[in-house]
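Novice: Contents of work_7.txt (compact mmCIF, C-alpha atoms):
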```txt
# COMPACT_ATOMS: atom_id res chain seq x y z
CA MET Q 1 10.08 85.71 170.53
CA LYS Q 2 9.67 82.00 170.15
CA LYS Q 3 12.86 80.23 169.10
CA VAL Q 4 12.49 77.84 166.19
CA GLY Q 5 14.79 74.90 165.36
CA ASN Q 6 18.00 75.44 163.40
CA HIS Q 7 16.70 75.09 159.81
CA ASN Q 8 20.04 76.26 158.47
CA SER Q 9 21.74 73.19 159.98
CA ASN Q 10 19.21 70.83 158.39
CA SER Q 11 19.61 72.54 155.00
CA ARG Q 12 23.35 72.13 155.19
CA LYS Q 13 23.00 68.42 155.87
CA LEU Q 14 20.65 68.03 152.87
CA PHE Q 15 22.97 69.91 150.54
CA LEU Q 16 26.04 67.99 151.75
CA SER Q 17 24.25 64.68 151.09
CA LEU Q 18 23.17 65.89 147.65
CA ALA Q 19 26.71 67.02 146.78
CA LEU Q 20 28.12 63.65 147.84
CA MET Q 21 25.57 61.81 145.71
CA LEU Q 22 26.30 63.97 142.64
CA SER Q 23 30.06 63.52 142.99
CA ILE Q 24 29.70 59.73 143.17
CA SER Q 25 27.41 59.65 140.10
CA VAL Q 26 29.68 61.93 138.06
CA ALA Q 27 32.73 59.85 138.96
CA SER Q 28 31.01 56.65 137.86
CA PHE Q 29 29.81 58.31 134.66
CA ALA Q 30 33.30 59.58 133.80
CA GLN Q 31 34.91 56.18 134.09
CA ASP Q 32 35.33 54.55 130.73
CA ALA Q 33 34.23 50.98 130.48
CA ALA Q 34 37.22 48.77 130.13
CA PRO Q 35 37.19 47.39 126.60
CA ALA Q 36 36.74 43.67 126.40
CA ALA Q 37 39.91 41.94 125.41
CA ALA Q 38 39.50 41.04 121.77
CA ASP Q 39 40.28 37.41 121.31
CA ALA Q 40 41.66 37.92 117.85
CA THR Q 41 42.58 34.63 116.32
CA ALA Q 42 45.82 34.93 114.47
CA ALA Q 43 45.50 33.86 110.88
CA PRO Q 44 47.39 30.63 110.51
CA ALA Q 45 50.25 30.56 108.11
CA ALA Q 46 48.64 29.31 104.97
CA SER Q 47 51.75 28.27 103.26
CA SER Q 48 55.31 28.03 104.44
CA GLY Q 49 56.52 29.09 101.00
CA GLY Q 50 54.65 32.39 100.72
CA ASP Q 51 53.62 35.60 102.46
CA ALA Q 52 49.83 35.87 102.71
CA ALA Q 53 49.90 39.64 103.25
CA LYS Q 54 51.86 40.24 100.04
CA GLY Q 55 49.71 37.64 98.34
CA LYS Q 56 46.57 39.62 99.18
CA GLU Q 57 48.00 42.71 97.47
CA LEU Q 58 48.95 40.69 94.40
CA PHE Q 59 45.54 38.99 94.35
CA ASN Q 60 43.67 42.30 94.48
CA THR Q 61 45.87 43.75 91.74
CA ASN Q 62 45.97 40.83 89.31
CA CYS Q 63 43.25 38.32 90.16
CA ALA Q 64 40.27 40.06 91.79
CA ALA Q 65 38.78 41.23 88.48
CA CYS Q 66 37.94 37.64 87.50
CA HIS Q 67 38.23 35.59 90.69
CA LYS Q 68 36.76 35.53 94.17
CA LEU Q 69 37.96 33.47 97.09
CA ASP Q 70 34.67 31.76 97.96
CA ALA Q 71 32.39 32.24 94.96
CA LYS Q 72 32.56 31.55 91.27
CA SER Q 73 32.98 34.62 89.10
CA THR Q 74 34.43 34.79 85.58
CA GLY Q 75 36.88 32.18 86.86
CA PRO Q 76 36.54 29.58 89.62
CA ALA Q 77 36.73 30.28 93.36
CA LEU Q 78 40.36 30.20 94.45
CA ARG Q 79 40.26 29.43 98.16
CA GLY Q 80 42.06 26.15 98.74
CA ILE Q 81 43.17 25.87 95.11
CA SER Q 82 46.55 24.51 96.20
CA ALA Q 83 44.79 21.38 97.50
CA LYS Q 84 43.40 20.66 94.00
CA HIS Q 85 46.55 21.17 91.92
CA ASP Q 86 50.27 20.86 92.58
CA MET Q 87 52.40 23.99 92.50
CA ALA Q 88 54.30 23.06 89.34
CA TRP Q 89 50.98 22.89 87.45
CA ILE Q 90 49.80 26.19 88.99
CA TYR Q 91 53.01 27.95 87.89
CA LYS Q 92 52.46 26.82 84.29
CA TRP Q 93 48.76 27.73 84.37
CA VAL Q 94 49.34 31.26 85.68
CA HIS Q 95 52.25 31.99 83.33
CA ASN Q 96 50.37 30.84 80.21
CA SER Q 97 47.18 28.82 80.54
CA GLY Q 98 46.71 28.78 76.76
CA ASP Q 99 49.89 26.75 76.16
CA LEU Q 100 48.90 24.30 78.89
CA ILE Q 101 45.46 23.79 77.30
CA LYS Q 102 46.95 23.31 73.84
CA SER Q 103 49.31 20.66 75.21
CA GLY Q 104 46.25 18.57 76.05
CA ASP Q 105 46.75 18.60 79.80
CA ALA Q 106 43.60 16.99 81.20
CA ALA Q 107 43.33 19.24 84.27
CA ALA Q 108 43.82 22.39 82.18
CA VAL Q 109 41.20 21.35 79.62
CA LYS Q 110 38.74 20.53 82.41
CA VAL Q 111 39.17 23.93 84.07
CA PHE Q 112 38.83 25.65 80.68
CA GLU Q 113 35.58 23.87 79.84
CA GLU Q 114 34.08 24.28 83.32
CA ASN Q 115 34.45 28.05 83.02
CA ASN Q 116 32.63 28.54 79.72
CA LYS Q 117 35.88 28.26 77.74
CA VAL Q 118 36.92 31.76 78.80
CA PRO Q 119 40.71 31.96 78.41
CA MET Q 120 42.67 33.22 81.39
CA THR Q 121 44.96 36.20 80.89
CA PRO Q 122 48.61 35.05 81.04
CA PHE Q 123 50.80 36.55 83.76
CA PRO Q 124 54.40 35.89 82.72
CA GLN Q 125 55.51 38.86 84.84
CA LEU Q 126 54.60 37.04 88.06
CA SER Q 127 57.53 35.12 89.52
CA GLU Q 128 57.11 31.79 91.25
CA GLY Q 129 57.61 33.65 94.54
CA ASP Q 130 54.72 35.97 93.68
CA ILE Q 131 52.54 32.97 92.87
CA ASP Q 132 53.56 31.36 96.18
CA ASN Q 133 52.41 34.49 97.98
CA ILE Q 134 49.05 34.45 96.17
CA ILE Q 135 48.56 30.77 96.98
CA ALA Q 136 49.42 31.48 100.61
CA TYR Q 137 46.65 34.07 100.68
CA THR Q 138 44.12 31.77 98.98
CA SER Q 139 45.02 28.96 101.40
CA GLU Q 140 43.98 30.94 104.48
CA PRO Q 141 40.88 29.53 106.20
CA LYS Q 142 37.67 31.47 105.72
CA ALA Q 143 37.22 34.03 108.50
CA GLU Q 144 34.12 33.80 110.65
CA ALA Q 145 31.56 36.57 110.16
CA ALA Q 146 32.61 39.47 112.37
CA ALA Q 147 29.09 40.71 112.88
CA ALA Q 148 26.47 38.63 114.63
CA PRO Q 149 23.44 37.58 112.57
CA ALA Q 150 20.25 39.60 112.49
CA GLY Q 151 19.81 41.45 115.72
CA GLY Q 152 23.34 40.79 116.99
CA ALA Q 153 24.59 44.31 116.48
CA ALA Q 154 21.39 45.70 117.90
CA THR Q 155 21.81 43.53 121.02
CA VAL Q 156 25.34 44.81 121.56
CA ALA Q 157 24.18 48.39 121.06
CA VAL Q 158 21.34 47.93 123.54
CA GLY Q 159 23.72 46.39 126.04
CA ALA Q 160 26.13 49.27 125.68
CA SER Q 161 23.37 51.82 126.12
CA GLN Q 162 22.20 49.99 129.23
CA GLU Q 163 25.69 50.11 130.71
CA ASP Q 164 25.84 53.85 130.06
CA GLY Q 165 22.28 54.20 131.33
CA VAL Q 166 23.25 53.23 134.92
CA SER Q 167 25.14 56.46 135.55
CA ASN Q 168 22.59 58.46 133.55
CA ASN Q 169 19.81 57.18 135.78
CA VAL Q 170 21.76 58.20 138.87
CA ILE Q 171 22.21 61.72 137.52
CA LEU Q 172 18.54 62.00 136.55
CA GLY Q 173 17.57 60.75 140.02
CA ALA Q 174 19.82 63.33 141.67
CA LEU Q 175 18.33 66.13 139.55
CA SER Q 176 14.82 64.96 140.43
CA LEU Q 177 15.76 65.01 144.11
CA VAL Q 178 17.08 68.58 143.79
CA MET Q 179 13.82 69.68 142.14
CA ALA Q 180 11.80 67.99 144.87
CA ILE Q 181 13.86 69.74 147.60
CA LEU Q 182 13.37 73.11 145.90
CA ILE Q 183 9.61 72.58 145.70
CA VAL Q 184 9.43 71.60 149.38
CA MET Q 185 11.52 74.63 150.35
CA LEU Q 186 9.23 76.97 148.37
CA VAL Q 187 6.16 75.51 150.05
CA LEU Q 188 7.77 75.92 153.50
CA VAL Q 189 8.83 79.51 152.77
CA ASN Q 190 5.31 80.31 151.59
CA LYS Q 191 3.84 78.92 154.82
CA VAL Q 192 6.34 80.83 156.98
CA LEU Q 193 5.62 84.11 155.19
CA ARG Q 194 1.87 83.64 155.60
CA LYS Q 195 2.31 82.93 159.32
CA VAL Q 196 4.49 86.05 159.72
CA ALA Q 197 1.91 88.15 157.89
CA ALA Q 198 -0.90 86.76 160.04
CA ALA Q 199 1.07 87.34 163.28
CA ASN Q 200 1.68 90.97 162.31
CA GLY Q 201 -1.89 91.58 161.22
CA ILE Q 202 -0.98 92.05 157.60
CA GLU Q 203 -3.64 91.11 155.08
CA VAL Q 204 -2.52 89.55 151.84
CA ALA Q 205 -4.01 91.55 148.99
CA LYS Q 206 -6.25 89.54 146.76
CA LYS Q 207 -5.71 89.84 143.05
CA GLU Q 208 -8.52 91.73 141.37
CA PRO Q 209 -10.14 89.95 138.44
CA THR Q 210 -8.87 91.34 135.15
CA LEU Q 211 -10.63 91.58 131.82
CA PRO Q 212 -9.93 88.54 129.57
CA ILE Q 213 -7.37 89.35 126.92
CA TRP Q 214 -9.71 88.54 124.06
CA LYS Q 215 -12.32 90.98 125.34
CA ALA Q 216 -9.69 93.68 125.72
CA PHE Q 217 -8.51 92.97 122.16
CA VAL Q 218 -12.05 93.23 120.73
CA LYS Q 219 -12.63 96.57 122.42
CA ASN Q 220 -9.48 98.03 120.82
CA GLN Q 221 -10.64 98.84 117.27
CA PHE Q 222 -7.15 99.90 116.12
CA LEU Q 223 -5.65 96.53 117.02
CA VAL Q 224 -8.52 94.73 115.30
CA LEU Q 225 -7.97 96.73 112.08
CA VAL Q 226 -4.20 96.19 112.06
CA SER Q 227 -4.63 92.46 112.76
CA ALA Q 228 -7.18 92.09 109.95
CA ILE Q 229 -4.85 93.78 107.45
CA PHE Q 230 -1.93 91.63 108.59
CA MET Q 231 -3.99 88.43 108.25
CA LEU Q 232 -5.10 89.37 104.73
CA LEU Q 233 -1.54 90.12 103.60
CA ALA Q 234 -0.17 86.95 105.21
CA GLY Q 235 -2.94 84.87 103.64
CA ALA Q 236 -2.28 86.36 100.19
CA TYR Q 237 1.44 85.66 100.57
CA LEU Q 238 0.85 82.03 101.55
CA VAL Q 239 -1.63 81.46 98.72
CA TYR Q 240 0.79 83.01 96.20
CA GLY Q 241 3.66 80.87 97.48
CA PHE Q 242 1.52 77.73 97.26
CA LEU Q 243 0.39 78.46 93.71
CA MET Q 244 3.94 79.20 92.57
CA GLN Q 245 5.05 75.74 93.77
CA VAL Q 246 2.46 73.88 91.70
CA GLY Q 247 4.36 71.62 89.30
CA VAL Q 248 7.72 72.29 90.98
CA ASP Q 249 9.19 68.99 92.15
CA GLN Q 250 12.49 70.15 93.65
CA ASP Q 251 13.95 67.56 96.08
CA TYR Q 252 11.63 64.87 94.68
CA GLN Q 253 13.35 61.62 95.70
CA PRO Q 254 11.38 58.48 94.82
CA ILE Q 255 12.36 54.96 95.85
CA GLN Q 256 13.48 52.99 92.80
CA PRO Q 257 12.86 49.25 92.21
CA ILE Q 258 16.64 48.68 92.24
CA HIS Q 259 18.59 50.83 94.68
CA TYR Q 260 21.28 52.62 92.68
CA SER Q 261 23.86 54.65 94.61
CA HIS Q 262 25.34 57.56 92.67
CA LYS Q 263 27.60 58.09 95.67
CA ILE Q 264 29.27 54.71 95.09
CA HIS Q 265 29.39 54.81 91.29
CA ALA Q 266 29.99 58.49 90.47
CA GLY Q 267 31.62 59.35 93.79
CA ASP Q 268 33.75 56.51 95.18
CA ASN Q 269 34.43 54.81 91.82
CA GLU Q 270 34.58 58.10 89.85
CA ILE Q 271 32.57 56.76 86.90
CA ASN Q 272 31.89 59.59 84.45
CA CYS Q 273 28.21 60.53 84.21
CA LYS Q 274 28.34 60.32 80.42
CA TYR Q 275 29.56 56.72 80.51
CA CYS Q 276 26.12 55.57 81.66
CA HIS Q 277 24.09 58.51 80.25
CA SER Q 278 25.88 58.45 76.90
CA ALA Q 279 22.83 59.81 75.04
CA SER Q 280 23.34 63.19 76.74
CA ARG Q 281 26.21 63.90 74.32
CA VAL Q 282 24.19 63.51 71.12
CA SER Q 283 20.50 63.51 72.02
CA LYS Q 284 17.77 65.70 73.40
CA THR Q 285 17.40 63.46 76.45
CA ALA Q 286 20.06 61.89 78.66
CA GLY Q 287 18.15 58.61 78.64
CA ILE Q 288 17.93 55.79 81.17
CA PRO Q 289 21.01 53.56 80.85
CA SER Q 290 20.37 50.08 79.53
CA LEU Q 291 20.97 47.28 82.02
CA ASN Q 292 23.59 45.98 79.59
CA VAL Q 293 25.68 49.01 80.56
CA CYS Q 294 25.42 47.90 84.20
CA MET Q 295 26.49 44.39 83.23
CA ASN Q 296 29.68 45.69 81.63
CA CYS Q 297 31.00 45.87 85.19
CA HIS Q 298 28.63 43.73 87.24
CA LYS Q 299 29.21 40.66 85.13
CA SER Q 300 32.34 40.30 87.23
CA ILE Q 301 31.18 42.18 90.34
CA SER Q 302 28.55 40.13 92.13
CA GLU Q 303 29.11 41.66 95.55
CA VAL Q 304 30.43 44.88 97.03
CA ALA Q 305 33.47 45.31 99.23
CA GLU Q 306 33.11 45.23 103.00
CA THR Q 307 34.13 48.88 103.19
CA THR Q 308 31.20 49.91 100.98
CA ALA Q 309 28.65 49.30 103.74
CA THR Q 310 27.30 52.30 105.65
CA PRO Q 311 25.27 52.61 108.88
CA GLU Q 312 22.15 53.01 106.73
CA TYR Q 313 22.88 50.33 104.13
CA SER Q 314 24.66 47.07 104.88
CA LYS Q 315 26.79 44.98 102.54
CA ALA Q 316 23.98 42.41 102.38
CA PHE Q 317 21.58 45.15 101.19
CA TYR Q 318 23.88 46.23 98.34
CA ASP Q 319 24.54 42.62 97.33
CA ALA Q 320 20.79 42.04 97.15
CA GLN Q 321 20.45 44.94 94.68
CA ILE Q 322 23.05 43.32 92.41
CA GLN Q 323 21.02 40.11 92.53
CA LYS Q 324 17.95 42.13 91.43
CA LEU Q 325 20.00 43.33 88.46
CA TYR Q 326 20.96 39.75 87.60
CA LYS Q 327 17.33 38.66 87.79
CA ALA Q 328 16.24 41.51 85.50
CA VAL Q 329 18.82 40.72 82.78
CA GLY Q 330 18.61 36.95 83.21
CA TRP Q 331 22.18 36.40 84.37
CA ASP Q 332 23.17 33.20 86.18
CA ALA Q 333 26.22 34.05 88.32
CA GLY Q 334 26.85 30.39 89.02
CA THR Q 335 27.22 29.31 85.40
CA GLN Q 336 28.35 32.77 84.22
CA SER Q 337 25.80 32.74 81.41
CA TYR Q 338 22.54 34.40 80.38
CA THR Q 339 19.37 32.35 80.88
CA GLY Q 340 17.23 34.33 78.43
CA LYS Q 341 14.61 35.04 81.11
CA THR Q 342 14.44 38.81 81.56
CA GLU Q 343 12.20 41.08 83.60
CA PRO Q 344 11.49 44.79 83.01
CA VAL Q 345 12.64 47.27 85.63
CA LYS Q 346 9.95 49.86 86.33
CA TRP Q 347 12.12 52.89 87.03
CA VAL Q 348 10.40 55.94 88.52
CA ARG Q 349 11.04 59.10 86.51
CA ILE Q 350 12.50 61.99 88.54
CA HIS Q 351 13.08 64.91 86.12
CA ASN Q 352 10.10 65.77 83.94
CA LEU Q 353 9.56 69.02 81.97
CA PRO Q 354 6.17 70.09 80.59
CA ASP Q 355 5.37 69.01 77.03
CA PHE Q 356 5.55 72.61 75.76
CA VAL Q 357 9.18 73.04 76.90
CA TYR Q 358 12.07 72.13 74.59
CA PHE Q 359 15.39 71.24 76.20
CA ASN Q 360 18.30 69.63 74.41
CA HIS Q 361 20.95 67.86 76.49
CA SER Q 362 23.48 67.67 73.66
CA GLN Q 363 23.37 71.44 73.10
CA HIS Q 364 24.18 72.06 76.76
CA VAL Q 365 26.56 69.13 77.37
CA THR Q 366 28.49 68.98 74.09
CA VAL Q 367 28.23 72.51 72.65
CA ALA Q 368 28.11 74.57 75.86
CA GLY Q 369 30.32 72.18 77.86
CA ILE Q 370 28.16 72.46 80.97
CA GLU Q 371 28.89 69.90 83.68
CA CYS Q 372 26.06 67.62 84.77
CA GLN Q 373 26.38 68.87 88.38
CA THR Q 374 25.39 72.40 87.29
CA CYS Q 375 21.76 71.33 86.90
CA HIS Q 376 21.61 68.00 88.72
CA GLY Q 377 23.63 69.00 91.79
CA PRO Q 378 26.44 67.03 93.45
CA VAL Q 379 25.19 63.64 92.25
CA GLN Q 380 28.47 62.07 93.37
CA GLU Q 381 27.24 62.63 96.94
CA PHE Q 382 23.67 61.33 96.45
CA GLU Q 383 22.91 57.89 97.85
CA ILE Q 384 19.40 58.19 96.38
CA MET Q 385 18.99 60.38 93.30
CA LYS Q 386 16.71 63.40 93.60
CA GLN Q 387 15.71 66.49 91.62
CA PHE Q 388 18.25 69.08 92.76
CA SER Q 389 17.14 72.18 90.80
CA PRO Q 390 13.61 73.62 90.59
CA LEU Q 391 13.67 73.48 86.73
CA THR Q 392 11.37 76.50 86.59
CA MET Q 393 11.34 79.06 83.78
CA GLY Q 394 12.87 81.71 86.05
CA TRP Q 395 15.71 79.36 86.99
CA CYS Q 396 16.53 78.69 83.30
CA VAL Q 397 16.31 82.38 82.37
CA ASN Q 398 18.69 83.38 85.18
CA CYS Q 399 21.18 80.76 84.01
CA HIS Q 400 21.04 82.14 80.43
CA ARG Q 401 21.60 85.65 81.75
CA LYS Q 402 24.77 84.86 83.69
CA THR Q 403 26.39 82.09 81.62
CA ASP Q 404 28.98 83.11 79.02
CA VAL Q 405 28.90 81.27 75.71
CA LYS Q 406 31.83 78.90 75.37
CA MET Q 407 33.75 79.90 72.23
CA GLU Q 408 36.92 77.80 72.51
CA GLY Q 409 36.87 75.49 69.50
CA ASN Q 410 33.26 76.43 68.79
CA GLU Q 411 33.10 77.50 65.13
CA TYR Q 412 29.30 77.23 65.10
CA TYR Q 413 28.81 80.51 66.99
CA LYS Q 414 32.01 82.28 65.83
CA LYS Q 415 30.51 84.70 63.27
CA ILE Q 416 27.43 85.69 65.27
CA HIS Q 417 29.55 86.03 68.41
CA GLU Q 418 31.93 88.48 66.73
CA GLU Q 419 29.04 90.64 65.42
CA LEU Q 420 27.02 90.67 68.63
CA SER Q 421 30.04 91.25 70.89
CA LYS Q 422 30.78 94.46 68.94
CA LYS Q 423 27.13 95.47 69.22
CA TYR Q 424 27.01 95.03 73.00
CA GLY Q 425 30.63 96.16 73.54
CA VAL Q 426 31.70 93.04 75.45
CA ASP Q 427 34.37 90.39 75.02
CA LYS Q 428 32.11 87.47 75.87
CA LEU Q 429 28.42 87.11 75.24
CA THR Q 430 25.97 85.48 77.57
CA ALA Q 431 23.41 82.99 76.31
CA ALA Q 432 20.75 85.68 76.81
CA GLN Q 433 22.61 88.14 74.55
CA MET Q 434 22.75 85.49 71.83
CA GLY Q 435 18.98 85.01 71.85
CA GLY Q 436 18.67 82.69 74.82
CA LEU Q 437 15.64 84.62 76.10
CA GLU Q 438 13.59 84.38 72.92
CA CYS Q 439 10.34 82.53 73.54
CA GLY Q 440 10.77 80.35 70.48
CA LYS Q 441 14.08 78.95 71.77
CA CYS Q 442 12.36 76.87 74.41
CA HIS Q 443 8.65 76.95 73.52
CA TYR Q 444 7.36 75.68 70.22
```
Would you write the structure of this file as structure tokens?
Specialist:
Amino acid sequence: MKKVGNHNSNSRKLFLSLALMLSISVASFAQDAAPAAADATAAPAASSGGDAAKGKELFNTNCAACHKLDAKSTGPALRGISAKHDMAWIYKWVHNSGDLIKSGDAAAVKVFEENNKVPMTPFPQLSEGDIDNIIAYTSEPKAEAAAAPAGGAATVAVGASQEDGVSNNVILGALSLVMAILIVMLVLVNKVLRKVAAANGIEVAKKEPTLPIWKAFVKNQFLVLVSAIFMLLAGAYLVYGFLMQVGVDQDYQPIQPIHYSHKIHAGDNEINCKYCHSASRVSKTAGIPSLNVCMNCHKSISEVAETTATPEYSKAFYDAQIQKLYKAVGWDAGTQSYTGKTEPVKWVRIHNLPDFVYFNHSQHVTVAGIECQTCHGPVQEFEIMKQFSPLTMGWCVNCHRKTDVKMEGNEYYKKIHEELSKKYGVDKLTAAQMGGLECGKCHY
């Protein structure tokens, strides 16, 4: 028998090399990149007579509603205010600006007139030490923008992914090498087996041609019949499902001309739905809130907090939406006054019932006491508002069948509830038992 070279030895060498390569790549991948030392610039002490950290808390509690550090709001911007007025004057102004204006103080009168003659709320409860802390905070230099301008964050992200990509490429290369070795080994084994078969006079059986599967299927009449019946039933089911969805706009989520986040307003800020949709208490429809309702708050809120930004929507994006609101109502944030130039906002309607359906919001919200989320879903979690429920007839009927009529403090239904509860032998009636399934209740 002819002796062949030691293939086992060669295979061992290959596998040892591969194992060494994999261990090196995994070790490099596991190492965490050393974080760059952040060169945080310590905020300089703004004022030797106050604590800027405490001043920030006092500012946010007492001043932020009407003042911003770097932009005019209801009152003037306050950064560097200590350079414009001496501290004795600032103490008097904060404690009672009205008395200072009445005394004829020139600086006080000027500030009053420059800010549309809006009187400042007196803060007699603030001590001079508290005011020193606030001034220390307002005297801090403006911090540089933490994020790089357009494309900066993307550049950093790309750089980071490239750093991680080095070890990933090594691993992918190692896996490719393993696959290549396996393929070569299979080819070699196939050749060896063929040579062994030929040396021993063994013929490799050739695979007989088989009938194509489609021809075999056509010849089997039972399978053809069963398949035809299945296709007919499946087609009927799909057509029925399609027809039943005509006019159903569940999950409809249009883009509005002004991006309004229910998550921020109803969720983070916990604004009651009925504050904006006040018509839902007394009217058939909930109504689209007037922009004047928005301005009740946004007259003093021209930008969002830094923490409001999300990976999908930046602070600059939200601030731009507030500017769209200002443009629509004709509000000049600089002069804190209305210009009289307004523009209509073309909102896109989301919830829309057919004309032959009667639905009264006040009956459900005020009389029945149903929460808005029952029909409209967890709106406090929606960044973009959508139609949560299908609003089909079956959906409404099911709700009437399982919802008990609220009787606490409800004299309107008291008499009929007592009579019908005896008739049906129950303590509480559902809306269906009180006539909620009658056609004329919703169709007229």
Novice: Env of Asp319 (chain Q): 8 Å cut, atoms = only C-alpha atoms, seq-sep filter 6 positions within chain, self excluded. Answer as an MDAnalysis selection string.
Specialist: chainID Q and resid 302:304
Novice: Here is a test: counting all atoms listed in the file, which residue of Q:Ile350, Q:Thr392, Q:Glu381, Q:Val367 is nearest to Asn410 (chain Q)?
Specialist: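 Closest to Asn410 (chain Q) of all the choices is Q:Val367.
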Novice: I need the residue nearest Gly80 (chain Q) from this list: Q:Ile135, Q:Glu57, Q:Pro124, Q:Pro212. Use only C-alpha atoms for the distance.
Specialist: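 Closest residue, counting only C-alpha atoms: Q:Ile135.
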Novice: With a distance cut-off of 10 Å and all atoms listed in the file, select the neighbouring residues of Glu306 (chain Q), excluding the residue or stretch itself and same-chain residues fewer than 3 positions from it, and output the selection as a list of chain:residue names.
Specialist: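 Residues meeting the cut-off are Q:Glu303, Q:Ala309, Q:Thr310, Q:Ser314, Q:Lys315, Q:Ala316.
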Novice: Go through Q:Thr285, Q:Gln321, Q:Ser389, Q:Gln245 one by one, measure the shortest atom-to-atom distance of each to Ser261 (chain Q) using all atoms listed in the file, and give the residue with the smallest value.
Specialist: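 Going through Q:Thr285, Q:Gln321, Q:Ser389, Q:Gln245 one by one, the smallest distance to Ser261 (chain Q) is for Q:Gln321.
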Novice: Using only C-alpha atoms, pick whichever of Q:Asn352, Q:Thr403, Q:Ser73, Q:Asn169 has the shortest atom-to-atom distance to Trp331 (chain Q).
Specialist: Q:Ser73
Novice: Just how far from CA of Met295 (chain Q) is CA of Phe317 (chain Q), in Å to one decimal?
Specialist: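 Pair CA of Phe317 (chain Q) / CA of Met295 (chain Q) returns 18.6 Å.
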Novice: Could you pull the residues within 10 Å of Leu353 (chain Q), counting only C-alpha atoms, minus those fewer than 6 positions along the same chain, as a list in words?
Specialist: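 In the requested format, the answer is Gly247, Val248, Phe359, Leu391 and Thr392 of chain Q.
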Novice: Residues within 10 Å of Lys68 (chain Q), please, as a list in words. Count all atoms listed in the file; anything in the same chain fewer than 5 positions from it doesn't count.
Specialist: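 Contacts, in chain order: Phe59, Asn60, Cys63, Ser73, Thr74, Gly75, Pro76, Ala77, Leu78, Arg79, Thr138, Ser300, Ile301, Ser302 and Glu303 of chain Q.
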Novice: Around all of region 135-144 of chain Q's listed atoms, make the axis-aligned box with 5 Å on each side and tell me centre and edge lengths in Å to one decimal, as JSON.
Specialist:
```
{"center_x": 41.8, "center_y": 31.5, "center_z": 103.8, "size_x": 25.3, "size_y": 15.1, "size_z": 23.7}
```
